[in-house]
Amino acid sequence: MDAATLFESTMDWLRLRGTSSFQKEEDIKHAANARIKGMIAEDGLPYSVAEERPLIRRRADLVIFGADDSVLVAVEFKFEPPHNAAMGSDDVLDWREAEEDIRKVQKYVGEGGVGAAYAILIDADGRWLRRHPNAPEGSEWRDWGNGVWALWTKVSGDSSA
């Protein structure tokens with residue numbers, strides 16, 4: 001399994017598992033990291049994974065490395081939790097942060113030699129989809145079910161990802 005497929009299958013696992021237990025972005029990073037580590041160990045894959053790794057003057061939320069320490073996949077996550085009466089209606093993130101993540105992943109591949117990079121915004125109650133139904137260029141809204149949507153951006157470099 002290549003590193004991009006490993007990440008995408010992790011996101012599919014996360015979609016099927018559901019996001020109701022997540023409170024913040026870090027919860028998603030930790031869950032994805034743990035799942036990827038488990039799959040690497042279980043399948044004997046020649047990869048490693050880490051959170052918060054520096055890449056071209058920025059910190060990527062999640063990185064999958066090859067056996068030679070090359071960066072095969074870099075990921076930026078954003079999470080807007082579901083809002084309820086106790087939480088109020090204030091947004092957790094600013095839309096400009098999601099747009100900045102898209103620019104970051106483009107730079108990771110274009111300037112940083114990363115095989116593939118993803119910007120993923122998990123929108124737990126669809127508020128950002130309603131405000132921005134037309135995804136930014138190179139991105140798409142994916143229905144995760146139960147009112148959860150993900151703004152999915154993938155930028156590919158070389159085929160080894």
# chains A, B, ... in the order shown; residues from 1 in each chain; ligands from 1
$ residues_around --residues "Leu6 (chain A)" --least-positions-apart "5" --cutoff "9 Å" --atoms "only C-alpha atoms" --output "ChimeraX atom specification"
/A:1,11,36,39-40
$ select_by_dssp --residues "region 71-104 of chain A" --states "strand (DSSP E or B)" --output "PyMOL selection string"
chain A and resi 71-80
$ write_last_selection --atoms "all heavy atoms" --output "mmCIF file, in the first residue's frame"
data_model
loop_
_atom_site.group_PDB
_atom_site.id
_atom_site.type_symbol
_atom_site.label_atom_id
_atom_site.label_comp_id
_atom_site.auth_asym_id
_atom_site.auth_seq_id
_atom_site.Cartn_x
_atom_site.Cartn_y
_atom_site.Cartn_z
ATOM 1 N N VAL A 71 9.529 12.795 2.706
ATOM 2 C CA VAL A 71 8.146 13.102 3.065
ATOM 3 C C VAL A 71 7.252 12.652 1.917
ATOM 4 O O VAL A 71 7.264 13.231 0.836
ATOM 5 C CB VAL A 71 7.957 14.603 3.357
ATOM 6 C CG1 VAL A 71 6.498 14.897 3.680
ATOM 7 C CG2 VAL A 71 8.860 15.047 4.492
ATOM 8 N N LEU A 72 6.490 11.591 2.185
ATOM 9 C CA LEU A 72 5.603 11.037 1.162
ATOM 10 C C LEU A 72 4.244 11.713 1.172
ATOM 11 O O LEU A 72 3.646 11.930 0.127
ATOM 12 C CB LEU A 72 5.453 9.531 1.372
ATOM 13 C CG LEU A 72 6.753 8.726 1.335
ATOM 14 C CD1 LEU A 72 6.476 7.264 1.634
ATOM 15 C CD2 LEU A 72 7.456 8.895 0.000
ATOM 16 N N VAL A 73 3.738 12.010 2.380
ATOM 17 C CA VAL A 73 2.424 12.645 2.527
ATOM 18 C C VAL A 73 2.512 13.680 3.641
ATOM 19 O O VAL A 73 3.075 13.418 4.700
ATOM 20 C CB VAL A 73 1.331 11.609 2.875
ATOM 21 C CG1 VAL A 73 -0.002 12.285 3.186
ATOM 22 C CG2 VAL A 73 1.161 10.591 1.755
ATOM 23 N N ALA A 74 1.943 14.856 3.393
ATOM 24 C CA ALA A 74 1.807 15.896 4.417
ATOM 25 C C ALA A 74 0.339 16.301 4.467
ATOM 26 O O ALA A 74 -0.325 16.374 3.429
ATOM 27 C CB ALA A 74 2.674 17.103 4.081
ATOM 28 N N VAL A 75 -0.154 16.545 5.681
ATOM 29 C CA VAL A 75 -1.582 16.816 5.862
ATOM 30 C C VAL A 75 -1.789 18.032 6.760
ATOM 31 O O VAL A 75 -1.096 18.198 7.769
ATOM 32 C CB VAL A 75 -2.299 15.596 6.498
ATOM 33 C CG1 VAL A 75 -3.795 15.854 6.607
ATOM 34 C CG2 VAL A 75 -2.005 14.319 5.734
ATOM 35 N N GLU A 76 -2.760 18.842 6.381
ATOM 36 C CA GLU A 76 -3.256 19.939 7.216
ATOM 37 C C GLU A 76 -4.714 19.652 7.523
ATOM 38 O O GLU A 76 -5.492 19.369 6.611
ATOM 39 C CB GLU A 76 -3.129 21.284 6.500
ATOM 40 C CG GLU A 76 -1.709 21.738 6.259
ATOM 41 C CD GLU A 76 -0.933 22.050 7.528
ATOM 42 O OE1 GLU A 76 -1.567 22.347 8.567
ATOM 43 O OE2 GLU A 76 0.302 21.986 7.482
ATOM 44 N N PHE A 77 -5.065 19.679 8.800
ATOM 45 C CA PHE A 77 -6.441 19.449 9.230
ATOM 46 C C PHE A 77 -7.062 20.725 9.770
ATOM 47 O O PHE A 77 -6.376 21.543 10.395
ATOM 48 C CB PHE A 77 -6.502 18.426 10.373
ATOM 49 C CG PHE A 77 -6.232 17.013 9.980
ATOM 50 C CD1 PHE A 77 -5.060 16.387 10.361
ATOM 51 C CD2 PHE A 77 -7.157 16.280 9.247
ATOM 52 C CE1 PHE A 77 -4.806 15.068 10.026
ATOM 53 C CE2 PHE A 77 -6.915 14.964 8.902
ATOM 54 C CZ PHE A 77 -5.731 14.358 9.293
ATOM 55 N N LYS A 78 -8.349 20.851 9.566
ATOM 56 C CA LYS A 78 -9.176 21.840 10.248
ATOM 57 C C LYS A 78 -10.447 21.113 10.682
ATOM 58 O O LYS A 78 -10.895 20.173 10.011
ATOM 59 C CB LYS A 78 -9.557 23.017 9.336
ATOM 60 C CG LYS A 78 -8.417 23.952 9.041
ATOM 61 C CD LYS A 78 -8.002 24.743 10.261
ATOM 62 C CE LYS A 78 -6.838 25.657 10.017
ATOM 63 N NZ LYS A 78 -5.543 25.061 10.314
ATOM 64 N N PHE A 79 -11.023 21.563 11.785
ATOM 65 C CA PHE A 79 -12.233 20.930 12.301
ATOM 66 C C PHE A 79 -13.174 21.984 12.850
ATOM 67 O O PHE A 79 -12.784 22.805 13.685
ATOM 68 C CB PHE A 79 -11.876 19.932 13.407
ATOM 69 C CG PHE A 79 -13.060 19.228 14.018
ATOM 70 C CD1 PHE A 79 -13.865 18.412 13.242
ATOM 71 C CD2 PHE A 79 -13.357 19.365 15.353
ATOM 72 C CE1 PHE A 79 -14.963 17.745 13.792
ATOM 73 C CE2 PHE A 79 -14.442 18.705 15.924
ATOM 74 C CZ PHE A 79 -15.241 17.896 15.136
ATOM 75 N N GLU A 80 -14.380 21.961 12.354
ATOM 76 C CA GLU A 80 -15.457 22.785 12.901
ATOM 77 C C GLU A 80 -16.423 21.819 13.555
ATOM 78 O O GLU A 80 -17.094 21.044 12.878
ATOM 79 C CB GLU A 80 -16.157 23.576 11.800
ATOM 80 C CG GLU A 80 -17.212 24.535 12.310
ATOM 81 C CD GLU A 80 -16.617 25.730 13.068
ATOM 82 O OE1 GLU A 80 -15.623 26.309 12.604
ATOM 83 O OE2 GLU A 80 -17.190 26.085 14.126
#
$ atom_distance --atom1 "CA of Trp152 (chain A)" --atom2 "CA of Asp61 (chain A)"
15.2 Å
$ closest_residue --among "A:Tyr108, A:Gly115, A:Glu100, A:Glu42" --to "Pro54 (chain A)" --atoms "only C-alpha atoms"
A:Tyr108
$ closest_residue --among "A:Ala67, A:Ala3, A:Leu62, A:Leu14" --to "Glu26 (chain A)" --atoms "only C-alpha atoms"
A:Leu62
$ closest_residue --among "A:Ala150, A:Ala50, A:Val114, A:Ala135" --to "Ala31 (chain A)" --atoms "only C-alpha atoms"
A:Ala50
